[in-house]
Each structure stands twice: as C-alpha cells, then as structure tokens.
Amino acid sequence: MKANIGISDSNTRAVAFQLNKLLANEFVLYTKTRNYHWNIGGMNFFELHKLFEGQYEQLQVIMDDIAERIRAIGHYSEARLVDILKLTDLLEPEYTTDEKEQLKNLLDDHETIIRILRNLITEFSDTYKDLGSSDYVTGLLREHEKMAWMLRAFLK
C-alpha cells in the first residue's frame with residue numbers, strides 16, 4: 001500500500017534514494033568502527049576500545065532508524081552488501097592497527113557524512129517538501145558532530 005503522506009511519489013522516491021545512500025555510508029562507517037574496535041592495540045587500548053564500541057552501537061541504532069524512515073515514506077531499504085558498496089561515498093582503507101590512523105579515518109568519514117547531512121537538510125525541505133526527513137537528518141547531524149568531536153579530542 002502506498003504512503004499517502006502529502007508528498008509526491010517522485011519526491012519520496014528521491015528522498016528514499018538519498019536516505020539509502022546515507023544508510024550505505026552509515027553501514028560502511030559502522031563496519032570500519034567495528035573493525036577498529038576489534039583490532040585496536042597500544043597505550044590507549046582500553047579507552048579507544050570503549051570509544052569505538054560506543055560509537056558502533058550508536059551507528060547501529062542510526063542505521064535501523066534510517067531504514068525505518070525509508071519504509072515510513074513508502075520505499076524499501078537497500079540491505080544487500082553489493083548495493084551498499086555501490087551507494088556509499090566512503091572508502092575502506094587497508095587494515096591498520098595504528099590508533100592515530102584509525103582515529104583519523106573515522107573522523108574523516110564522520111566529517112564526510114556531516115557535510116552530506118548539511119546538504120540533505122535543505123534539499124529535503126526545499127526541493128522535496130519533506131520536512132519530516134529534513135528534521136530527521138538535522139538530528140543525525142548533531143549525533144555525527146558529537147561523535148566527530150570525540151574522535152578529534154584523541155587526535156590533539
């Protein structure tokens with residue numbers, strides 16, 4: 001059954017596409033954060049192990065929320081790895097156990113997502129007339145800004 005929520009089909013389709021791209025980015029960032037949680041070592045092992053765990057848990061909730069937002073506006077969430085890898089803007093670097101490199105990689109990804117979210121806020125509201133999705137990604141922006149701040153604090 002189609003969603004009759006006051007937004008045209010073409011607009012919800014465009015928003016769902018952008019949300020699926022965001023979901024793909026979140027999935028790659030989640031996987032990278034989980035990888036670093038598993039493979040951290042060194043002087044700051046305990047602190048970074050806990051930081052990465054907290055962040056991947058937060059990203060897991062974010063992914064679920066994005067997928068549910070896509071469903072709420074009447075579309076399907078991309079969930080196959082092959083589709084996620086086609087949609088993502090993020091890259092997976094070679095394995096590293098260097099904590100500064102791990103932190104920098106994660107920070108770069110959060111900042112990429114932050115820039116994308118800033119654009120989506122106005123695109124969703126102004127172009128696609130979807131104030132609900134605009135408000136939703138505004139909240140995500142704040143979450144990513146805080147996670148980026150936490151990572152940045154370790155890099156000083």
# chains A, B, ... in the order shown; residues from 1 in each chain; ligands from 1
$ residues_around --residues "A:Asn39" --least-positions-apart "4" --cutoff "12 Å" --atoms "only C-alpha atoms" --output "list in words"
Lys32, Thr33, Arg34, Asn35, Phe45, Phe46, Leu48, His49, Phe52, Glu53, Tyr95, Thr96, Thr97, Asp98, Glu99 and Gln102 of chain A
$ select_by_dssp --residues "stretch 1-149 of chain A" --states "helix (DSSP H, G or I)" --output "ChimeraX atom specification"
/A:9-39,45-72,81-87,99-127,131-149
$ closest_residue --among "A:His75, A:Lys156, A:Lys50, A:Lys86" --to "A:Asn11" --atoms "only C-alpha atoms"
A:His75
$ closest_atom_pairs --of "stretch 4-110 of chain A" --to "stretch 119-125 of chain A" --cutoff "12 Å" --atoms "only C-alpha atoms" --output "tab-separated table"
residue	atom	partner	partner_atom	distance
A:Ile7	CA	A:Phe124	CA	11.0
A:Asn11	CA	A:Phe124	CA	8.8
A:Thr12	CA	A:Phe124	CA	9.5
A:Arg13	CA	A:Phe124	CA	11.5
A:Ala14	CA	A:Phe124	CA	9.0
A:Val15	CA	A:Phe124	CA	6.7
A:Ala16	CA	A:Phe124	CA	10.3
A:Phe17	CA	A:Phe124	CA	11.5
A:Gln18	CA	A:Leu120	CA	8.0
A:Leu19	CA	A:Leu120	CA	9.1
A:Lys21	CA	A:Leu120	CA	11.2
A:Leu22	CA	A:Leu120	CA	9.7
$ write_last_selection --atoms "C-alpha atoms" --output "mmCIF file, in the first residue's frame"
data_model
loop_
_atom_site.group_PDB
_atom_site.id
_atom_site.type_symbol
_atom_site.label_atom_id
_atom_site.label_comp_id
_atom_site.auth_asym_id
_atom_site.auth_seq_id
_atom_site.Cartn_x
_atom_site.Cartn_y
_atom_site.Cartn_z
ATOM 1 C CA ILE A 7 4.485 14.275 -0.568
ATOM 2 C CA ASN A 11 9.700 13.323 -4.163
ATOM 3 C CA THR A 12 9.521 10.376 -1.754
ATOM 4 C CA ARG A 13 11.413 8.276 -4.301
ATOM 5 C CA ALA A 14 14.180 10.916 -4.476
ATOM 6 C CA VAL A 15 14.325 11.215 -0.674
ATOM 7 C CA ALA A 16 14.420 7.419 -0.295
ATOM 8 C CA PHE A 17 17.332 7.246 -2.748
ATOM 9 C CA GLN A 18 19.294 9.821 -0.731
ATOM 10 C CA LEU A 19 18.422 8.080 2.528
ATOM 11 C CA LYS A 21 22.920 6.428 0.138
ATOM 12 C CA LEU A 22 23.123 7.711 3.706
#
$ atom_distance --atom1 "atom CA of A:Ser77" --atom2 "atom CA of A:Glu26"
12.9 Å
$ decode --residues "stretch 123-155 of chain A" --atoms "N, CA and C atoms" --output "tab-separated table (two decimals), in the first residue's frame"
chain	number	residue	atom	x	y	z
A	123	GLU	N	17.90	20.22	1.05
A	123	GLU	CA	17.39	19.50	-0.13
A	123	GLU	C	16.05	18.84	0.18
A	124	PHE	N	15.98	18.17	1.32
A	124	PHE	CA	14.73	17.50	1.69
A	124	PHE	C	13.60	18.50	1.92
A	125	SER	N	13.90	19.60	2.58
A	125	SER	CA	12.82	20.57	2.88
A	125	SER	C	12.47	21.42	1.67
A	126	ASP	N	13.46	21.97	1.00
A	126	ASP	CA	13.19	22.93	-0.07
A	126	ASP	C	12.84	22.26	-1.40
A	127	THR	N	13.61	21.28	-1.80
A	127	THR	CA	13.41	20.64	-3.10
A	127	THR	C	12.29	19.61	-3.07
A	128	TYR	N	12.27	18.77	-2.02
A	128	TYR	CA	11.33	17.65	-1.99
A	128	TYR	C	10.16	17.83	-1.05
A	129	LYS	N	10.10	18.94	-0.35
A	129	LYS	CA	8.97	19.28	0.54
A	129	LYS	C	8.73	18.21	1.61
A	130	ASP	N	9.80	17.59	2.07
A	130	ASP	CA	9.72	16.55	3.09
A	130	ASP	C	10.34	17.08	4.37
A	131	LEU	N	9.54	17.78	5.15
A	131	LEU	CA	10.02	18.39	6.39
A	131	LEU	C	10.37	17.34	7.44
A	132	GLY	N	9.68	16.21	7.43
A	132	GLY	CA	9.97	15.15	8.39
A	132	GLY	C	11.36	14.58	8.19
A	133	SER	N	11.72	14.30	6.93
A	133	SER	CA	13.06	13.78	6.66
A	133	SER	C	14.12	14.85	6.89
A	134	SER	N	13.80	16.10	6.60
A	134	SER	CA	14.73	17.19	6.87
A	134	SER	C	15.01	17.29	8.36
A	135	ASP	N	13.96	17.24	9.16
A	135	ASP	CA	14.12	17.28	10.62
A	135	ASP	C	14.90	16.06	11.11
A	136	TYR	N	14.62	14.91	10.53
A	136	TYR	CA	15.30	13.68	10.94
A	136	TYR	C	16.82	13.81	10.70
A	137	VAL	N	17.23	14.26	9.50
A	137	VAL	CA	18.67	14.33	9.23
A	137	VAL	C	19.33	15.47	10.01
A	138	THR	N	18.55	16.47	10.44
A	138	THR	CA	19.11	17.50	11.32
A	138	THR	C	19.54	16.88	12.64
A	139	GLY	N	18.74	15.98	13.17
A	139	GLY	CA	19.12	15.27	14.39
A	139	GLY	C	20.35	14.39	14.19
A	140	LEU	N	20.42	13.74	13.03
A	140	LEU	CA	21.60	12.92	12.73
A	140	LEU	C	22.86	13.78	12.65
A	141	LEU	N	22.71	14.97	12.10
A	141	LEU	CA	23.85	15.88	12.01
A	141	LEU	C	24.45	16.13	13.39
A	142	ARG	N	23.60	16.39	14.36
A	142	ARG	CA	24.09	16.63	15.72
A	142	ARG	C	24.80	15.39	16.29
A	143	GLU	N	24.27	14.21	16.02
A	143	GLU	CA	24.90	12.98	16.52
A	143	GLU	C	26.29	12.79	15.92
A	144	HIS	N	26.40	13.02	14.61
A	144	HIS	CA	27.71	12.85	13.95
A	144	HIS	C	28.69	13.93	14.38
A	145	GLU	N	28.20	15.14	14.59
A	145	GLU	CA	29.09	16.19	15.06
A	145	GLU	C	29.68	15.83	16.43
A	146	LYS	N	28.87	15.24	17.30
A	146	LYS	CA	29.36	14.85	18.62
A	146	LYS	C	30.35	13.69	18.52
A	147	MET	N	30.04	12.70	17.68
A	147	MET	CA	30.97	11.58	17.53
A	147	MET	C	32.30	12.06	16.95
A	148	ALA	N	32.24	12.99	15.98
A	148	ALA	CA	33.46	13.54	15.38
A	148	ALA	C	34.27	14.30	16.43
A	149	TRP	N	33.60	15.04	17.28
A	149	TRP	CA	34.27	15.79	18.33
A	149	TRP	C	35.03	14.83	19.26
A	150	MET	N	34.39	13.73	19.62
A	150	MET	CA	35.04	12.75	20.50
A	150	MET	C	36.29	12.18	19.85
A	151	LEU	N	36.23	11.87	18.55
A	151	LEU	CA	37.40	11.35	17.85
A	151	LEU	C	38.48	12.42	17.75
A	152	ARG	N	38.09	13.63	17.43
A	152	ARG	CA	39.03	14.74	17.28
A	152	ARG	C	39.78	14.99	18.59
A	153	ALA	N	39.10	14.80	19.73
A	153	ALA	CA	39.73	15.03	21.03
A	153	ALA	C	40.93	14.11	21.25
A	154	PHE	N	40.92	12.92	20.69
A	154	PHE	CA	42.04	11.99	20.84
A	154	PHE	C	43.21	12.36	19.93
A	155	LEU	N	42.95	13.16	18.90
A	155	LEU	CA	43.99	13.48	17.93
A	155	LEU	C	44.80	14.71	18.28
